[in-house]
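Participant: For reference, the structure I am asking about is given below.
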Amino acid sequence: MKEGLQPGITAEFTVTVTEDMLPTFEGQVVHPVMSTVSMIYYMEWAGRQVILPFLEEDEEGSGFAVDIRHVGPAVVGQTVTFKAVCREVTEKRVVCEVTADTVRNRVGVGTFTQAIFNKHEIRRRFEALQAEISAKK
């Protein structure tokens, strides 16, 4: 990691809830609010934005752990602010506190941990796994 990534570094952006963000299973909308899946996607994106400026050319980050609670609704048309605040940095992990809020209520809260690794090594591992799986077909 490049110098400078430390607790307190923040990434923040807003998203407007759309119909495609609703929880839908087998073609049926369950609730007319932002799904947990959509919320976590944007929480991860906020956490990724925290690390991107600090990754070396041969490094990459990947989701390692998500501990999230979906605590309130956000309806279609409502704006949700997603925020990630770096809380811990080690050689191989970055932990961010993540939140999702509307002007009316908190939507979600939790932590998102990213693993930092050599992207060339991880690509070799993925390719070896793919070759093994393909050989078994």
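If you're wondering about the labels, chains in the structure tokens are A, B, ... by order shown, residues count from 1 in each chain, ligands from 1 in order shown.
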What lies within 12 Å of Leu5 in chain A using only C-alpha atoms, ignoring chain neighbours under 5 positions off, as number ranges by chain?
Facilitator: A: 10, 49-56, 85-91, 93-96
Participant: Could you please take those selected residues and save N, CA, C and O atoms as a PDB file, in the first residue's frame?
Facilitator:
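Once everything was written out, this is again34.pdb:
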```
ATOM      1  N   THR A  10     -12.023   8.834   4.388  1.00  0.00           N
ATOM      2  CA  THR A  10     -13.449   8.660   4.135  1.00  0.00           C
ATOM      3  C   THR A  10     -13.764   8.709   2.640  1.00  0.00           C
ATOM      4  O   THR A  10     -13.127   9.445   1.893  1.00  0.00           O
ATOM      5  N   GLN A  49     -13.648   2.561  -2.621  1.00  0.00           N
ATOM      6  CA  GLN A  49     -13.169   3.906  -2.942  1.00  0.00           C
ATOM      7  C   GLN A  49     -12.168   4.410  -1.910  1.00  0.00           C
ATOM      8  O   GLN A  49     -11.291   5.207  -2.232  1.00  0.00           O
ATOM      9  N   VAL A  50     -12.266   3.928  -0.678  1.00  0.00           N
ATOM     10  CA  VAL A  50     -11.296   4.300   0.352  1.00  0.00           C
ATOM     11  C   VAL A  50      -9.906   3.788  -0.029  1.00  0.00           C
ATOM     12  O   VAL A  50      -8.908   4.504   0.113  1.00  0.00           O
ATOM     13  N   ILE A  51      -9.803   2.552  -0.521  1.00  0.00           N
ATOM     14  CA  ILE A  51      -8.477   1.962  -0.777  1.00  0.00           C
ATOM     15  C   ILE A  51      -7.893   2.287  -2.149  1.00  0.00           C
ATOM     16  O   ILE A  51      -6.676   2.266  -2.317  1.00  0.00           O
ATOM     17  N   LEU A  52      -8.743   2.570  -3.139  1.00  0.00           N
ATOM     18  CA  LEU A  52      -8.238   2.734  -4.513  1.00  0.00           C
ATOM     19  C   LEU A  52      -7.062   3.688  -4.650  1.00  0.00           C
ATOM     20  O   LEU A  52      -6.084   3.352  -5.339  1.00  0.00           O
ATOM     21  N   PRO A  53      -7.064   4.866  -4.054  1.00  0.00           N
ATOM     22  CA  PRO A  53      -5.927   5.773  -4.236  1.00  0.00           C
ATOM     23  C   PRO A  53      -4.621   5.264  -3.616  1.00  0.00           C
ATOM     24  O   PRO A  53      -3.553   5.811  -3.909  1.00  0.00           O
ATOM     25  N   PHE A  54      -4.694   4.230  -2.790  1.00  0.00           N
ATOM     26  CA  PHE A  54      -3.523   3.775  -2.041  1.00  0.00           C
ATOM     27  C   PHE A  54      -2.977   2.434  -2.514  1.00  0.00           C
ATOM     28  O   PHE A  54      -1.970   1.963  -1.994  1.00  0.00           O
ATOM     29  N   LEU A  55      -3.628   1.811  -3.490  1.00  0.00           N
ATOM     30  CA  LEU A  55      -3.140   0.531  -4.000  1.00  0.00           C
ATOM     31  C   LEU A  55      -1.915   0.746  -4.884  1.00  0.00           C
ATOM     32  O   LEU A  55      -1.902   1.628  -5.741  1.00  0.00           O
ATOM     33  N   GLU A  56      -0.893  -0.067  -4.651  1.00  0.00           N
ATOM     34  CA  GLU A  56       0.269  -0.074  -5.542  1.00  0.00           C
ATOM     35  C   GLU A  56      -0.153  -0.727  -6.856  1.00  0.00           C
ATOM     36  O   GLU A  56      -1.177  -1.411  -6.927  1.00  0.00           O
ATOM     37  N   VAL A  85     -15.713   4.836   6.306  1.00  0.00           N
ATOM     38  CA  VAL A  85     -14.649   5.479   7.074  1.00  0.00           C
ATOM     39  C   VAL A  85     -13.645   4.400   7.466  1.00  0.00           C
ATOM     40  O   VAL A  85     -14.012   3.412   8.113  1.00  0.00           O
ATOM     41  N   CYS A  86     -12.407   4.575   7.039  1.00  0.00           N
ATOM     42  CA  CYS A  86     -11.356   3.626   7.393  1.00  0.00           C
ATOM     43  C   CYS A  86     -11.181   3.622   8.907  1.00  0.00           C
ATOM     44  O   CYS A  86     -11.027   4.681   9.528  1.00  0.00           O
ATOM     45  N   ARG A  87     -11.227   2.431   9.503  1.00  0.00           N
ATOM     46  CA  ARG A  87     -11.073   2.301  10.956  1.00  0.00           C
ATOM     47  C   ARG A  87      -9.793   1.557  11.341  1.00  0.00           C
ATOM     48  O   ARG A  87      -9.283   1.736  12.436  1.00  0.00           O
ATOM     49  N   GLU A  88      -9.297   0.694  10.430  1.00  0.00           N
ATOM     50  CA  GLU A  88      -8.105  -0.096  10.755  1.00  0.00           C
ATOM     51  C   GLU A  88      -7.369  -0.445   9.471  1.00  0.00           C
ATOM     52  O   GLU A  88      -7.988  -0.814   8.472  1.00  0.00           O
ATOM     53  N   VAL A  89      -6.041  -0.341   9.516  1.00  0.00           N
ATOM     54  CA  VAL A  89      -5.197  -0.694   8.373  1.00  0.00           C
ATOM     55  C   VAL A  89      -4.074  -1.588   8.865  1.00  0.00           C
ATOM     56  O   VAL A  89      -3.357  -1.236   9.805  1.00  0.00           O
ATOM     57  N   THR A  90      -3.948  -2.767   8.243  1.00  0.00           N
ATOM     58  CA  THR A  90      -2.798  -3.632   8.482  1.00  0.00           C
ATOM     59  C   THR A  90      -2.180  -3.922   7.129  1.00  0.00           C
ATOM     60  O   THR A  90      -2.683  -3.471   6.094  1.00  0.00           O
ATOM     61  N   GLU A  91      -1.118  -4.693   7.131  1.00  0.00           N
ATOM     62  CA  GLU A  91      -0.440  -5.010   5.873  1.00  0.00           C
ATOM     63  C   GLU A  91      -1.360  -5.728   4.889  1.00  0.00           C
ATOM     64  O   GLU A  91      -1.280  -5.524   3.688  1.00  0.00           O
ATOM     65  N   ARG A  93      -5.031  -6.156   5.491  1.00  0.00           N
ATOM     66  CA  ARG A  93      -6.458  -5.898   5.672  1.00  0.00           C
ATOM     67  C   ARG A  93      -6.730  -4.410   5.866  1.00  0.00           C
ATOM     68  O   ARG A  93      -5.937  -3.699   6.475  1.00  0.00           O
ATOM     69  N   VAL A  94      -7.904  -3.991   5.365  1.00  0.00           N
ATOM     70  CA  VAL A  94      -8.409  -2.646   5.620  1.00  0.00           C
ATOM     71  C   VAL A  94      -9.852  -2.801   6.066  1.00  0.00           C
ATOM     72  O   VAL A  94     -10.660  -3.418   5.365  1.00  0.00           O
ATOM     73  N   VAL A  95     -10.163  -2.265   7.237  1.00  0.00           N
ATOM     74  CA  VAL A  95     -11.504  -2.353   7.798  1.00  0.00           C
ATOM     75  C   VAL A  95     -12.143  -0.966   7.745  1.00  0.00           C
ATOM     76  O   VAL A  95     -11.550   0.012   8.204  1.00  0.00           O
ATOM     77  N   CYS A  96     -13.340  -0.906   7.165  1.00  0.00           N
ATOM     78  CA  CYS A  96     -14.094   0.345   7.095  1.00  0.00           C
ATOM     79  C   CYS A  96     -15.421   0.198   7.812  1.00  0.00           C
ATOM     80  O   CYS A  96     -16.085  -0.833   7.701  1.00  0.00           O
TER      81      CYS A  96
END
```
Participant: As a PyMOL selection string, please: the residues near Asp58 in chain A (cut-off 8 Å, only C-alpha atoms, same-chain neighbours under 4 positions excluded).
Facilitator: chain A and resi 118-120
Participant: Which residue, A:Glu127, A:Glu132, A:Glu59, A:Arg106, has the smallest gap to Met1 in chain A when you use only C-alpha atoms?
Facilitator: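 Once distances to Met1 in chain A are computed over only C-alpha atoms, the minimum belongs to A:Glu59.
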Participant: Rank nothing, just name the residue among A:Lys2, A:Glu60, A:Phe13, A:Lys92 nearest to Glu121 in chain A, using only C-alpha atoms.
Facilitator: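 Looking only at the distances to Glu121 in chain A, the closest residue turns out to be A:Glu60.
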Participant: Record the distance separating CA of Gly63 in chain A and CA of Ala115 in chain A, expressed in Å with one decimal.
Facilitator: 6.3 Å
Participant: Let's see if you can do this: from backbone DSSP, list all strand (DSSP E or B) residues in range 3-78 of chain A, as a CSV table (one decimal) with C-alpha atoms, in the first residue's frame.
Facilitator:
```csv
chain,number,residue,atom,x,y,z
A,10,THR,CA,-13.4,8.7,4.1
A,11,ALA,CA,-15.3,8.0,0.9
A,12,GLU,CA,-18.9,9.2,0.4
A,13,PHE,CA,-21.5,9.4,-2.4
A,14,THR,CA,-25.2,9.4,-2.9
A,15,VAL,CA,-27.5,7.1,-4.9
A,16,THR,CA,-31.1,7.5,-5.8
A,24,THR,CA,-37.1,-9.4,-6.2
A,25,PHE,CA,-37.2,-13.1,-6.1
A,28,GLN,CA,-41.8,-11.0,-7.6
A,29,VAL,CA,-41.0,-7.8,-5.7
A,33,VAL,CA,-37.7,-0.5,-0.7
A,59,GLU,CA,-1.9,-4.8,-5.6
A,60,GLU,CA,-5.6,-5.4,-5.5
A,61,GLY,CA,-8.3,-5.5,-2.9
A,62,SER,CA,-11.1,-8.0,-2.4
A,63,GLY,CA,-14.0,-8.3,-0.1
A,64,PHE,CA,-13.0,-10.4,2.9
A,65,ALA,CA,-15.8,-9.9,5.4
A,66,VAL,CA,-19.1,-8.1,5.6
A,67,ASP,CA,-20.9,-7.5,8.9
A,68,ILE,CA,-23.9,-5.4,8.0
A,69,ARG,CA,-27.4,-4.6,9.5
A,70,HIS,CA,-30.2,-3.3,7.3
A,75,VAL,CA,-38.1,3.9,-1.1
```
Participant: At a cut-off of 8 Å, using only C-alpha atoms, what residues contact Val37 in chain A? Leave out same-chain residues fewer than 3 positions from it and give the result as a ChimeraX atom specification.
Facilitator: /A:23,40-41
Participant: Quick one: write out the picked residues with C-alpha atoms as a PDB file, in the first residue's frame?
Facilitator:
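Contents of result_20.pdb, freshly written:
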```pdb
ATOM      1  CA  PRO A  23     -35.755  -7.073  -3.452  1.00  0.00           C
ATOM      2  CA  ILE A  40     -24.415  -3.908   0.605  1.00  0.00           C
ATOM      3  CA  TYR A  41     -23.214  -3.438  -2.995  1.00  0.00           C
TER       4      TYR A  41
END
```
Participant: If you run DSSP on the backbone here, which positions in chain A get alpha helix (DSSP H)? Please write them as a count of residues only.
Facilitator: 33
